[in-house]
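With compact mmCIF, C-alpha atoms inside, this is protein_8.txt:
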# COMPACT_ATOMS: atom_id res chain seq x y z
CA MET A 1 -26.60 -3.01 -41.46
CA ILE A 2 -24.92 0.39 -41.83
CA SER A 3 -21.13 0.18 -41.85
CA ILE A 4 -18.37 2.74 -41.61
CA PHE A 5 -18.00 2.50 -45.40
CA ASP A 6 -21.54 3.81 -45.92
CA TYR A 7 -20.12 7.26 -45.16
CA GLU A 8 -17.96 9.16 -47.62
CA LEU A 9 -16.09 11.30 -45.10
CA LEU A 10 -14.59 10.81 -41.64
CA ASP A 11 -13.75 13.66 -39.25
CA ALA A 12 -10.06 14.13 -38.47
CA GLU A 13 -10.57 13.84 -34.71
CA LEU A 14 -12.48 10.58 -35.11
CA LEU A 15 -9.84 9.09 -37.40
CA ALA A 16 -7.19 9.95 -34.81
CA ASP A 17 -9.21 8.07 -32.19
CA ILE A 18 -9.74 5.05 -34.45
CA VAL A 19 -6.08 4.58 -35.41
CA SER A 20 -4.71 5.73 -32.03
CA VAL A 21 -2.54 8.60 -33.25
CA SER A 22 -2.36 12.31 -32.49
CA LYS A 23 -3.62 15.08 -34.74
CA ALA A 24 0.03 16.02 -35.21
CA THR A 25 0.61 12.60 -36.77
CA LEU A 26 -2.31 13.18 -39.12
CA LEU A 27 -0.65 16.44 -40.20
CA LYS A 28 2.59 14.58 -40.93
CA TRP A 29 0.66 12.10 -43.04
CA GLU A 30 -0.92 14.98 -44.92
CA LYS A 31 2.47 16.50 -45.67
CA SER A 32 3.77 13.14 -46.90
CA GLY A 33 0.73 12.68 -49.12
CA LYS A 34 -0.58 9.67 -47.21
CA LEU A 35 -3.78 11.60 -46.44
CA LEU A 36 -5.52 14.32 -48.40
CA PRO A 37 -7.89 16.43 -46.27
CA VAL A 38 -11.13 18.06 -47.33
CA PHE A 39 -13.04 20.69 -45.39
CA ASN A 40 -16.77 20.78 -44.66
CA ALA A 41 -18.96 23.88 -44.73
CA SER A 42 -18.05 24.83 -41.16
CA GLY A 43 -14.32 24.46 -41.79
CA GLY A 44 -13.93 21.08 -40.11
CA LYS A 45 -11.23 18.80 -41.49
CA GLN A 46 -12.29 15.42 -42.89
CA TYR A 47 -10.83 12.56 -44.90
CA ARG A 48 -12.42 10.48 -47.63
CA LEU A 49 -13.06 6.88 -46.64
CA SER A 50 -11.76 5.73 -49.99
CA GLN A 51 -8.19 6.67 -48.95
CA LEU A 52 -8.38 4.98 -45.53
CA SER A 53 -8.76 1.36 -46.62
CA GLY A 54 -5.11 0.62 -45.83
CA PHE A 55 -5.54 1.23 -42.10
CA PRO A 56 -5.88 -2.09 -40.17
CA GLU A 57 -8.54 -0.68 -37.84
CA ILE A 58 -10.68 0.39 -40.76
CA GLU A 59 -10.19 -2.96 -42.48
CA LYS A 60 -11.27 -4.84 -39.34
CA MET A 61 -14.47 -2.83 -39.15
CA SER A 62 -15.16 -3.45 -42.83
CA ALA A 63 -14.70 -7.23 -42.53
CA SER A 64 -16.20 -7.53 -39.04
CA ASN A 65 -17.91 -10.67 -37.70
CA TRP A 66 -19.93 -8.60 -35.22
CA ALA A 67 -23.29 -9.82 -36.56
CA LEU A 68 -22.20 -13.46 -36.38
CA GLU A 69 -20.68 -13.07 -32.91
CA SER A 70 -23.89 -11.42 -31.71
CA GLN A 71 -25.57 -14.80 -32.16
CA THR A 72 -23.24 -16.50 -29.66
CA ILE A 73 -25.17 -18.85 -27.35
CA PRO A 74 -23.73 -20.67 -24.32
CA HIS A 75 -23.68 -24.48 -24.61
CA ARG A 76 -25.07 -24.59 -21.09
CA THR A 77 -25.79 -22.15 -18.28
CA TYR A 78 -22.49 -20.66 -17.14
CA SER A 79 -22.45 -19.38 -13.55
CA SER A 80 -20.63 -16.20 -12.63
CA ILE A 81 -19.52 -14.05 -9.70
CA GLU A 82 -18.86 -10.35 -10.04
CA LEU A 83 -16.82 -8.29 -7.61
CA PHE A 84 -16.97 -4.48 -7.32
CA ALA A 85 -20.24 -4.66 -9.25
CA GLY A 86 -21.20 -0.97 -9.04
CA ALA A 87 -24.41 -0.04 -10.84
CA GLY A 88 -24.35 -3.16 -13.03
CA GLY A 89 -22.82 -2.11 -16.34
CA LEU A 90 -20.55 -5.15 -16.52
CA ALA A 91 -23.18 -7.42 -14.97
CA VAL A 92 -25.90 -6.47 -17.47
CA GLY A 93 -23.51 -6.91 -20.39
CA LEU A 94 -22.48 -10.36 -19.13
CA GLU A 95 -26.13 -11.28 -18.54
CA LYS A 96 -26.88 -10.21 -22.11
CA ALA A 97 -24.04 -12.47 -23.29
CA GLY A 98 -25.59 -15.44 -21.48
CA PHE A 99 -24.07 -15.61 -17.99
CA GLU A 100 -26.14 -16.35 -14.90
CA ALA A 101 -24.84 -14.46 -11.86
CA VAL A 102 -24.83 -16.42 -8.60
CA ALA A 103 -23.40 -13.52 -6.60
CA LEU A 104 -22.57 -9.85 -7.07
CA ASN A 105 -20.58 -8.00 -4.42
CA GLU A 106 -20.61 -4.23 -3.95
CA LEU A 107 -19.80 -1.98 -1.01
CA GLU A 108 -21.63 1.25 -1.91
CA LYS A 109 -25.23 1.15 -0.66
CA HIS A 110 -26.83 3.20 -3.45
CA ALA A 111 -25.24 1.01 -6.10
CA CYS A 112 -26.51 -2.08 -4.28
CA ASN A 113 -30.00 -0.59 -4.24
CA THR A 114 -29.70 0.05 -7.97
CA LEU A 115 -28.87 -3.61 -8.55
CA ARG A 116 -31.69 -4.86 -6.32
CA THR A 117 -34.24 -2.48 -7.84
CA ASN A 118 -33.54 -3.63 -11.39
CA ARG A 119 -32.81 -7.31 -10.73
CA PRO A 120 -34.67 -8.44 -7.57
CA ASN A 121 -33.63 -12.03 -8.30
CA TRP A 122 -29.90 -11.28 -8.23
CA ASN A 123 -27.93 -12.34 -5.16
CA VAL A 124 -26.50 -8.91 -4.29
CA ILE A 125 -24.06 -9.18 -1.39
CA GLU A 126 -23.62 -5.74 0.13
CA GLY A 127 -20.46 -5.22 2.14
CA ASP A 128 -16.69 -5.06 2.18
CA VAL A 129 -15.23 -7.84 0.04
CA ARG A 130 -12.46 -8.26 2.63
CA ALA A 131 -14.99 -9.56 5.14
CA LEU A 132 -16.61 -12.13 2.84
CA ASP A 133 -15.96 -15.83 2.37
CA PHE A 134 -16.47 -17.10 -1.19
CA THR A 135 -15.59 -20.77 -0.65
CA ILE A 136 -19.30 -21.69 -0.89
CA PHE A 137 -19.08 -20.74 -4.57
CA LYS A 138 -16.20 -23.10 -5.35
CA GLY A 139 -16.62 -24.51 -8.85
CA VAL A 140 -18.26 -21.42 -10.36
CA ASP A 141 -17.53 -21.08 -14.08
CA PHE A 142 -16.48 -17.45 -14.20
CA VAL A 143 -15.31 -14.62 -11.94
CA SER A 144 -15.10 -11.00 -13.07
CA GLY A 145 -14.49 -7.59 -11.60
CA GLY A 146 -12.71 -4.27 -11.83
CA PHE A 147 -10.48 -3.84 -8.78
CA PRO A 148 -9.08 -0.33 -8.16
CA CYS A 149 -5.56 0.38 -9.39
CA GLN A 150 -3.31 0.36 -6.29
CA ALA A 151 0.47 0.22 -5.89
CA PHE A 152 2.10 -2.60 -3.95
CA SER A 153 4.75 -2.38 -1.25
CA TYR A 154 7.92 -3.90 -2.69
CA ALA A 155 9.68 -5.63 0.18
CA GLY A 156 11.38 -8.14 -2.12
CA HIS A 157 12.26 -8.60 -5.75
CA GLN A 158 9.49 -11.08 -6.56
CA LEU A 159 6.10 -10.54 -4.96
CA GLY A 160 3.67 -13.41 -4.47
CA PHE A 161 -0.01 -13.69 -3.56
CA GLU A 162 0.46 -12.97 0.17
CA ASP A 163 2.64 -9.93 -0.59
CA THR A 164 -0.33 -8.15 -2.18
CA ARG A 165 -2.39 -8.36 1.01
CA GLY A 166 -4.06 -5.07 1.87
CA THR A 167 -4.97 -4.22 -1.72
CA LEU A 168 -8.26 -4.92 -3.45
CA PHE A 169 -6.39 -6.90 -6.08
CA PHE A 170 -5.47 -9.29 -3.25
CA GLU A 171 -9.20 -9.75 -2.60
CA PHE A 172 -9.85 -10.43 -6.28
CA ALA A 173 -7.01 -12.97 -6.27
CA ARG A 174 -8.30 -14.49 -3.02
CA VAL A 175 -11.70 -15.07 -4.61
CA LEU A 176 -10.00 -16.84 -7.52
CA LYS A 177 -8.13 -19.01 -5.03
CA GLU A 178 -11.29 -19.81 -3.05
CA THR A 179 -13.62 -20.49 -5.99
CA GLN A 180 -11.24 -21.91 -8.63
CA PRO A 181 -13.30 -20.74 -11.62
CA LYS A 182 -12.60 -22.09 -15.08
CA VAL A 183 -12.12 -18.56 -16.43
CA PHE A 184 -11.71 -15.06 -14.98
CA MET A 185 -11.85 -11.57 -16.43
CA ALA A 186 -10.40 -8.46 -14.78
CA GLU A 187 -10.96 -4.97 -16.13
CA ASN A 188 -9.21 -1.76 -15.22
CA VAL A 189 -8.19 1.65 -16.46
CA ARG A 190 -5.62 1.92 -19.24
CA GLY A 191 -3.27 3.57 -16.74
CA LEU A 192 -2.63 0.20 -15.09
CA LEU A 193 -0.24 -0.59 -17.94
CA GLU A 194 2.16 2.15 -16.82
CA HIS A 195 1.18 2.36 -13.14
CA ASP A 196 4.28 2.54 -10.94
CA ASP A 197 6.47 2.14 -14.05
CA GLY A 198 4.76 -1.13 -14.94
CA LYS A 199 5.56 -2.79 -11.61
CA THR A 200 1.90 -3.01 -10.55
CA LEU A 201 0.87 -4.99 -13.63
CA ALA A 202 3.98 -7.18 -13.37
CA VAL A 203 2.99 -8.19 -9.83
CA ILE A 204 -0.59 -8.86 -10.90
CA LEU A 205 0.57 -11.15 -13.72
CA SER A 206 2.98 -12.95 -11.37
CA VAL A 207 0.23 -13.61 -8.82
CA ILE A 208 -2.16 -14.82 -11.51
CA ALA A 209 0.46 -17.35 -12.60
CA ASP A 210 1.11 -18.43 -8.99
CA LEU A 211 -2.60 -19.12 -8.56
CA GLY A 212 -2.56 -21.54 -11.47
CA TYR A 213 -3.99 -19.42 -14.28
CA THR A 214 -2.73 -18.51 -17.74
CA LEU A 215 -3.74 -15.41 -19.64
CA CYS A 216 -5.53 -16.19 -22.91
CA ALA A 217 -3.90 -13.15 -24.51
CA SER A 218 -1.70 -10.25 -23.49
CA PRO A 219 -3.43 -7.58 -21.36
CA THR A 220 -5.30 -5.58 -23.99
CA VAL A 221 -6.82 -2.10 -24.08
CA LEU A 222 -10.23 -2.16 -25.75
CA LYS A 223 -11.71 1.06 -27.11
CA ALA A 224 -15.43 1.27 -26.42
CA ILE A 225 -16.07 3.12 -29.70
CA PHE A 226 -15.36 -0.14 -31.56
CA TYR A 227 -18.07 -2.02 -29.67
CA GLN A 228 -21.31 -0.14 -30.32
CA VAL A 229 -20.66 2.42 -27.60
CA PRO A 230 -21.00 6.13 -28.51
CA GLN A 231 -18.20 7.16 -26.17
CA LYS A 232 -14.42 7.53 -26.25
CA ARG A 233 -13.66 5.23 -23.35
CA GLU A 234 -10.89 2.68 -22.89
CA ARG A 235 -10.63 -0.31 -20.56
CA LEU A 236 -7.73 -2.68 -19.95
CA ILE A 237 -8.96 -6.29 -20.07
CA LEU A 238 -7.28 -9.44 -18.73
CA VAL A 239 -8.82 -12.85 -19.46
CA GLY A 240 -7.33 -15.98 -17.90
CA VAL A 241 -8.09 -19.70 -17.87
CA ARG A 242 -7.24 -22.31 -15.25
CA ASN A 243 -4.05 -24.17 -16.15
CA ASP A 244 -5.64 -27.62 -16.37
CA LEU A 245 -8.03 -26.29 -19.04
CA VAL A 246 -5.54 -24.34 -21.17
CA LYS A 247 -5.13 -27.18 -23.68
CA TYR A 248 -8.88 -27.10 -24.38
CA ALA A 249 -9.27 -23.32 -24.58
CA LYS A 250 -9.64 -21.10 -27.64
CA PHE A 251 -10.02 -17.36 -27.20
CA THR A 252 -10.33 -14.38 -29.52
CA TRP A 253 -11.08 -10.75 -28.72
CA PRO A 254 -14.47 -9.51 -29.93
CA ALA A 255 -14.82 -8.25 -33.47
CA PRO A 256 -15.53 -4.52 -33.81
CA TYR A 257 -18.90 -3.10 -34.75
CA GLN A 258 -19.18 -1.96 -38.37
CA ARG A 259 -19.24 1.75 -37.62
CA ILE A 260 -18.53 4.32 -34.95
CA LEU A 261 -21.62 5.54 -33.10
CA THR A 262 -22.04 9.18 -32.15
CA LEU A 263 -23.82 11.21 -29.50
CA LYS A 264 -26.76 11.49 -31.87
CA ASP A 265 -27.04 7.68 -31.89
CA ALA A 266 -27.15 7.75 -28.09
CA LEU A 267 -29.69 10.53 -27.53
CA LYS A 268 -31.89 10.25 -30.62
CA ALA A 269 -33.97 7.41 -32.04
CA GLY A 270 -31.88 5.28 -34.37
CA ALA A 271 -29.26 2.53 -34.28
CA LEU A 272 -29.18 2.14 -30.48
CA TYR A 273 -32.62 3.17 -29.23
CA ASP A 274 -36.08 3.26 -30.80
CA CYS A 275 -36.97 6.63 -29.26
CA ASP A 276 -35.34 9.89 -28.18
CA VAL A 277 -33.81 9.97 -24.72
CA PRO A 278 -36.50 10.40 -22.03
CA GLU A 279 -36.49 13.48 -19.86
CA SER A 280 -34.86 13.18 -16.46
CA SER A 281 -33.24 15.17 -13.69
CA GLY A 282 -29.79 16.66 -14.05
CA GLN A 283 -27.31 19.11 -12.62
CA THR A 284 -27.34 22.80 -13.58
CA TYR A 285 -24.74 25.50 -14.11
CA PRO A 286 -24.42 28.69 -12.07
CA LYS A 287 -25.60 31.69 -14.12
CA ASN A 288 -22.12 33.11 -14.75
CA LYS A 289 -20.76 29.79 -15.96
CA LYS A 290 -23.81 29.23 -18.15
CA ASP A 291 -23.42 32.65 -19.74
CA ILE A 292 -19.81 31.88 -20.66
CA LEU A 293 -20.48 28.35 -21.95
CA ALA A 294 -23.23 29.71 -24.16
CA HIS A 295 -20.45 31.10 -26.38
CA VAL A 296 -18.77 27.69 -26.90
CA PRO A 297 -19.69 26.15 -30.27
CA GLN A 298 -20.72 22.53 -30.71
CA GLY A 299 -17.65 20.32 -30.31
CA GLY A 300 -15.65 23.28 -28.99
CA TYR A 301 -13.92 24.10 -25.71
CA TRP A 302 -12.43 27.06 -23.83
CA ARG A 303 -10.04 28.07 -26.63
CA ASP A 304 -13.06 28.73 -28.84
CA LEU A 305 -14.20 31.50 -26.49
CA PRO A 306 -13.36 35.18 -27.05
CA ASP A 307 -10.07 36.00 -25.32
CA ASN A 308 -11.68 38.03 -22.54
CA LEU A 309 -13.99 35.11 -21.68
CA GLN A 310 -11.08 32.68 -21.85
CA ARG A 311 -9.26 34.70 -19.22
CA GLU A 312 -12.35 35.03 -17.05
CA TYR A 313 -13.19 31.34 -17.17
CA MET A 314 -9.68 29.88 -16.94
CA GLN A 315 -8.26 32.47 -14.51
CA GLY A 316 -4.74 31.38 -13.51
CA SER A 317 -4.89 28.30 -15.74
CA TYR A 318 -5.03 30.58 -18.77
CA PHE A 319 -1.25 31.05 -18.58
CA LEU A 320 -0.37 27.40 -17.98
CA THR A 321 0.84 25.03 -20.69
CA GLY A 322 -1.17 22.01 -21.82
CA GLY A 323 -4.35 21.67 -23.85
CA LYS A 324 -6.85 21.36 -20.98
CA THR A 325 -9.30 20.25 -23.67
CA GLY A 326 -11.91 19.08 -21.16
CA MET A 327 -12.53 22.55 -19.80
CA ALA A 328 -15.61 24.43 -21.05
CA ARG A 329 -16.19 21.48 -23.38
CA ARG A 330 -19.39 21.22 -25.39
CA LEU A 331 -20.09 17.85 -26.99
CA SER A 332 -20.93 17.34 -30.66
CA TRP A 333 -23.86 15.46 -32.14
CA ASP A 334 -21.65 14.01 -34.86
CA ALA A 335 -18.89 12.54 -32.70
CA PRO A 336 -18.77 10.04 -29.83
CA SER A 337 -19.01 11.54 -26.37
CA LEU A 338 -15.83 12.15 -24.43
CA THR A 339 -15.25 9.71 -21.56
CA LEU A 340 -17.93 10.25 -18.94
CA THR A 341 -16.67 11.16 -15.48
CA CYS A 342 -18.41 10.99 -12.11
CA SER A 343 -19.94 14.42 -12.68
CA PRO A 344 -20.82 16.23 -15.95
CA ALA A 345 -20.31 19.71 -14.47
CA GLN A 346 -16.76 19.53 -13.13
CA LYS A 347 -14.63 22.34 -14.53
CA GLN A 348 -11.76 20.08 -15.59
CA THR A 349 -14.01 17.58 -17.37
CA GLU A 350 -16.99 19.52 -18.68
CA ARG A 351 -19.67 17.57 -20.54
CA CYS A 352 -22.06 20.20 -21.89
CA HIS A 353 -25.05 19.29 -24.07
CA PRO A 354 -24.37 19.93 -27.79
CA GLU A 355 -27.24 22.43 -28.21
CA GLU A 356 -28.58 23.41 -24.80
CA THR A 357 -26.24 25.10 -22.34
CA ARG A 358 -26.53 22.62 -19.51
CA PRO A 359 -24.79 19.47 -18.23
CA LEU A 360 -25.97 16.11 -19.53
CA THR A 361 -28.89 14.65 -17.60
CA VAL A 362 -28.86 11.31 -15.76
CA ARG A 363 -30.66 9.50 -18.58
CA GLU A 364 -28.37 11.05 -21.20
CA TYR A 365 -25.40 9.85 -19.16
CA ALA A 366 -26.93 6.37 -18.95
CA ARG A 367 -27.56 6.17 -22.70
CA ILE A 368 -23.98 7.10 -23.51
CA GLN A 369 -22.99 4.13 -21.32
CA THR A 370 -25.60 2.06 -23.28
CA PHE A 371 -27.81 1.34 -20.27
CA PRO A 372 -31.42 0.55 -21.21
CA ASP A 373 -33.96 3.28 -20.45
CA ASP A 374 -35.71 1.07 -17.89
CA TRP A 375 -32.54 0.67 -15.79
CA HIS A 376 -33.15 2.94 -12.81
CA PHE A 377 -30.48 4.36 -10.54
CA ALA A 378 -30.97 4.68 -6.78
CA GLY A 379 -29.75 7.40 -4.45
CA PRO A 380 -29.25 11.16 -4.76
CA ILE A 381 -28.42 12.61 -8.17
CA THR A 382 -24.72 12.95 -7.34
CA SER A 383 -24.59 9.22 -6.61
CA GLN A 384 -26.48 8.39 -9.79
CA TYR A 385 -23.96 10.29 -11.91
CA LYS A 386 -21.10 8.59 -10.08
CA GLN A 387 -22.60 5.12 -10.53
CA ILE A 388 -23.03 5.69 -14.27
CA GLY A 389 -19.65 7.36 -14.72
CA ASN A 390 -17.84 4.46 -13.02
CA ALA A 391 -19.65 1.75 -14.98
CA VAL A 392 -18.34 -0.42 -17.78
CA PRO A 393 -20.41 0.39 -20.89
CA ILE A 394 -22.96 -2.38 -21.29
CA ASN A 395 -22.28 -3.00 -24.98
CA LEU A 396 -18.54 -3.27 -24.35
CA ALA A 397 -19.23 -5.78 -21.56
CA TRP A 398 -21.58 -7.65 -23.88
CA ALA A 399 -18.93 -7.91 -26.59
CA VAL A 400 -16.26 -9.16 -24.17
CA GLY A 401 -18.82 -11.44 -22.52
CA ARG A 402 -19.56 -13.12 -25.85
CA SER A 403 -15.85 -13.79 -26.31
CA VAL A 404 -15.72 -15.40 -22.85
CA ILE A 405 -18.83 -17.47 -23.63
CA ARG A 406 -17.11 -18.75 -26.79
CA LEU A 407 -14.02 -19.51 -24.69
CA LEU A 408 -16.07 -21.58 -22.24
CA ASN A 409 -17.87 -23.25 -25.14
CA SER A 410 -14.52 -24.24 -26.65
CA ILE A 411 -13.45 -25.79 -23.36
CA GLU A 412 -16.68 -27.79 -23.16
CA GLU A 413 -16.42 -28.93 -26.78
CA ASN A 414 -12.77 -29.93 -26.68
CA MET A 415 -13.06 -31.72 -23.34
CA LEU A 416 -16.00 -33.70 -24.72
CA GLN A 417 -14.13 -34.56 -27.92
CA THR A 418 -11.08 -35.63 -25.94
CA HIS A 419 -13.24 -37.85 -23.70
CA GLN A 420 -15.06 -39.39 -26.67
CA PHE A 421 -11.76 -40.08 -28.46
CA SER A 422 -10.29 -41.64 -25.33
CA THR A 423 -13.34 -43.84 -24.81
CA SER A 424 -13.40 -44.89 -28.47
CA HIS A 425 -9.67 -45.61 -28.42
CA GLU A 426 -9.97 -47.79 -25.34
CA ALA A 427 -12.89 -49.74 -26.87
CA SER A 428 -10.95 -50.44 -30.08
CA THR A 429 -7.67 -51.45 -28.39
CA PRO A 430 -7.19 -55.16 -27.54
CA SER A 431 -7.06 -55.85 -23.83
CA LYS A 432 -3.60 -56.28 -22.38
CA SER A 433 -4.93 -58.03 -19.28
CA LYS A 434 -3.82 -61.52 -18.30
CA PRO A 435 -5.65 -64.54 -19.79
CA ILE A 436 -8.84 -65.51 -18.04
CA GLU A 437 -7.59 -69.02 -17.28
CA LYS A 438 -4.61 -67.67 -15.42
CA GLN A 439 -6.77 -65.19 -13.55
CA SER A 440 -9.07 -68.04 -12.58
CA THR A 441 -6.13 -70.01 -11.29
CA LEU A 442 -5.00 -67.11 -9.24
CA PHE A 443 -8.46 -66.69 -7.76
CA GLU A 444 -8.57 -70.34 -6.88
CA PHE A 445 -5.13 -70.09 -5.29
CA ALA A 446 -6.22 -67.13 -3.29
CA ASP A 447 -9.20 -69.02 -1.99

Output the file's structure as structure tokens, nothing else.
Amino acid sequence: MISIFDYELLDAELLADIVSVSKATLLKWEKSGKLLPVFNASGGKQYRLSQLSGFPEIEKMSASNWALESQTIPHRTYSSIELFAGAGGLAVGLEKAGFEAVALNELEKHACNTLRTNRPNWNVIEGDVRALDFTIFKGVDFVSGGFPCQAFSYAGHQLGFEDTRGTLFFEFARVLKETQPKVFMAENVRGLLEHDDGKTLAVILSVIADLGYTLCASPTVLKAIFYQVPQKRERLILVGVRNDLVKYAKFTWPAPYQRILTLKDALKAGALYDCDVPESSGQTYPKNKKDILAHVPQGGYWRDLPDNLQREYMQGSYFLTGGKTGMARRLSWDAPSLTLTCSPAQKQTERCHPEETRPLTVREYARIQTFPDDWHFAGPITSQYKQIGNAVPINLAWAVGRSVIRLLNSIEENMLQTHQFSTSHEASTPSKSKPIEKQSTLFEFAD
């Protein structure tokens, strides 16, 4: 299997993404001698892999157990419920990991049709989660979902379960209360960490504890690029286990894939797919916008335009501070895609094809999110883009799903071992009951 160490050089931008630092920090490291840059034929800055071995992220990729973890098999069929299911990115990844969904809830009709079209056997419950009763699923093994990030109304110092009523997190928590799963997983945007100065997450953690669950690890931001996803996308993940099972539980986050995949891996035959991306429908640019974007080089953005075109395209924003790096952005074959949004042609978050001057197509969008080519999206094209853009990348969901499967397996194994030890111990311990003769006397007396 190809690993990151099969390449001699790593682009500066990609290294910054891997080690979670800014390009300014890379420059400081260069000045201190920690890094020595080289430049490719087009002037792009790169670093030799041989000098990056001291970075923990690089070391983890080099010594990864991804291949071993990919063989994870559930000890039995684990049932699951998914809330806010969307187009099925999380659901397909969990299915791939070994879960069997007993219910998937989604409000948006086109997303529901997408789920039904691709998995006719799934129990897709279309409707507002606030109007649904989940008590019939009590005892399910696993509940997952990505509730929207919403602030709470702080009437008191310490908010409990009932105080979150009116938010979609309340509904997620209500489903936990009604179904009492062994394990749950909640996913959200990275911004939840700082949302409302951290108060939102603090309330969520407090409610989780009140409901009788313990987090297996601190809320953690996972970068999709580490999990066989050719996209710079981050998700905040919370995994919790029911308190009575904590003593049996063992959890570890998924190991990273051995290398970082690029847009070329997504759209061309290779590591992810056995053929080039199939043709499909897609949005188009107005002629004037297309003419301007034609001047943007691969991997470039509005600052790479001639000054007169910069002014024409940016208009009043030309004079504002800030990088605005998503504007007039053309992707690069040799780097992961930027985070996909709900539309590839929005001015603030442009996602232009690396060679052709056009937005990414629906199938290109889907591949970057690691959907299989036979996963079809229902509804008008605007809805299809939105469904894909809002999805959890399938391979990221698969990696996290395998970790949850191993967690559930550990609970099963340790509960069984504890039971067997207890039974064996009881069998080998002399009885402390009263002598039979005395018991017989008592029975006779009772008669």

Listed atoms of region 310-320 of chain A boxed along x, y and z, 3 Å each side, centre and edge lengths in Å, one decimal, as AutoDock Vina command-line options:
--center_x -6.8 --center_y 31.2 --center_z -17.7 --size_x 18.8 --size_y 13.6 --size_z 14.3

#### Entry: Which of A:Leu236, A:Val189, A:Leu90, A:Val140 sits closest to Thr77 (chain A) [using only C-alpha atoms]
A:Val140

### Task
Tell me which protein, DNA and RNA residues are within 6 Å of region 91-108 of chain A, counting only C-alpha atoms, leaving out same-chain ones fewer than 3 positions away, and put them as a VMD selection string.
chain A and resid 78 to 85 88 111 123 to 128 394 397 to 398 401 to 402

#### Entry: Interatomic distance (Å, one decimal) between CA of Leu272 (chain A) and CA of Glu234 (chain A)
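Computed distance, CA of Leu272 (chain A) to CA of Glu234 (chain A), equals 19.8 Å.
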
### Task
Tell me, as a VMD selection string, which residues lie within 12 Å of Asp141 (chain A), counting all atoms listed in the file; anything in the same chain fewer than 2 positions away does not count.
chain A and resid 74 76 to 82 99 to 102 137 to 139 143 to 144 176 179 to 185 241 to 242 245 404 to 405 407 to 409 411 to 412

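Atom pair CA of Ser317 (chain A) / CA of Arg330 (chain A): separated by 18.8 Å.
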
### Task
Quick one: pull the distance between CA of Asn65 (chain A) and CA of Ala255 (chain A), Å, one decimal.
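For CA of Asn65 (chain A) relative to CA of Ala255 (chain A), the distance reads 5.8 Å.
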
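Within the 12 Å cut-off around Tyr47 (chain A), using all atoms listed in the file and omitting residues fewer than 4 positions from it on the same chain, the listed residues are Tyr7, Glu8, Leu9, Leu10, Asp11, Ala12, Glu13, Leu14, Leu15, Ala16, Leu26, Leu27, Trp29, Glu30, Lys34, Leu35, Leu36, Pro37, Val38, Phe39, Asn40, Gln51, Leu52 and Ser53 of chain A.
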
List every protein, DNA or RNA residue that has at least one atom no more than 6 Å from (-29.0, 2.9, -5.2) in the file's coordinates, counting all atoms listed in the file, and write the result as a PDB file with C-alpha atoms, in the frame of the given file.
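Output below, filename part17.pdb:
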ATOM      1  CA  HIS A 110     -26.830   3.200  -3.450  1.00  0.00           C
ATOM      2  CA  ALA A 111     -25.240   1.010  -6.100  1.00  0.00           C
ATOM      3  CA  CYS A 112     -26.510  -2.080  -4.280  1.00  0.00           C
ATOM      4  CA  ASN A 113     -30.000  -0.590  -4.240  1.00  0.00           C
ATOM      5  CA  THR A 114     -29.700   0.050  -7.970  1.00  0.00           C
ATOM      6  CA  PHE A 377     -30.480   4.360 -10.540  1.00  0.00           C
ATOM      7  CA  ALA A 378     -30.970   4.680  -6.780  1.00  0.00           C
ATOM      8  CA  GLY A 379     -29.750   7.400  -4.450  1.00  0.00           C
TER       9      GLY A 379
END

### Task
May I have the residues within 9 Å of Leu267 (chain A) as a list of chain:residue names, using all atoms listed in the file and disregarding those fewer than 3 positions away in the same chain?
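With the cut-off at 9 Å, the set is A:Leu263, A:Lys264, A:Gly270, A:Leu272, A:Tyr273, A:Cys275, A:Asp276, A:Val277, A:Pro278, A:Trp333, A:Glu364, A:Arg367, A:Ile368.
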
### Message
Can you pull out the residues contacting Pro56 (chain A)? Cut-off 10 Å, using all atoms listed in the file, and skip same-chain residues under 4 positions away; I want them as a VMD selection string.
### Response
chain A and resid 18 to 19 52 60 to 62

### Query
Between A:Thr220, A:Thr349, A:Asn308, A:Asn188, which has the minimum distance to Gly326 (chain A) (counting only C-alpha atoms)?
A:Thr349

### Task
Between A:Ala217, A:Ala328, A:Ile381, A:Leu416, single out the one closest to Ser343 (chain A), counting all atoms listed in the file.
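Checking each of A:Ala217, A:Ala328, A:Ile381, A:Leu416 against Ser343 (chain A), counting all atoms listed in the file, the winner is A:Ile381.
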
### Query
Smallest atom-to-atom distance to Ser20 (chain A): which of A:Lys223, A:Ile204, A:Leu132, A:Leu168, using all atoms listed in the file?
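When distances to Ser20 (chain A) are compared using all atoms listed in the file, the smallest one comes from A:Lys223.
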
### Message
When you count all atoms listed in the file, which of these residues is closest to Lys232 (chain A): A:Val400, A:Leu331, A:Val175, A:Ala87?
### Response
A:Leu331

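Counting all atoms listed in the file, the residue from A:Asn414, A:Asn118, A:Thr200, A:Gln228 that sits nearest to Pro336 (chain A) is A:Gln228.
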
Each region 328-361 of chain A residue no farther than 9 Å from region 284-294 of chain A, nearest pair in Å, only C-alpha atoms, as JSON lines:
{"residue": "A:Ala328", "atom": "CA", "partner": "A:Leu293", "partner_atom": "CA", "distance": 6.3}
{"residue": "A:Arg329", "atom": "CA", "partner": "A:Leu293", "partner_atom": "CA", "distance": 8.2}
{"residue": "A:Arg330", "atom": "CA", "partner": "A:Leu293", "partner_atom": "CA", "distance": 8.0}
{"residue": "A:Ala345", "atom": "CA", "partner": "A:Tyr285", "partner_atom": "CA", "distance": 7.3}
{"residue": "A:Cys352", "atom": "CA", "partner": "A:Leu293", "partner_atom": "CA", "distance": 8.3}
{"residue": "A:Glu356", "atom": "CA", "partner": "A:Ala294", "partner_atom": "CA", "distance": 8.3}
{"residue": "A:Thr357", "atom": "CA", "partner": "A:Ala294", "partner_atom": "CA", "distance": 5.8}
{"residue": "A:Arg358", "atom": "CA", "partner": "A:Thr284", "partner_atom": "CA", "distance": 6.0}
{"residue": "A:Pro359", "atom": "CA", "partner": "A:Thr284", "partner_atom": "CA", "distance": 6.3}
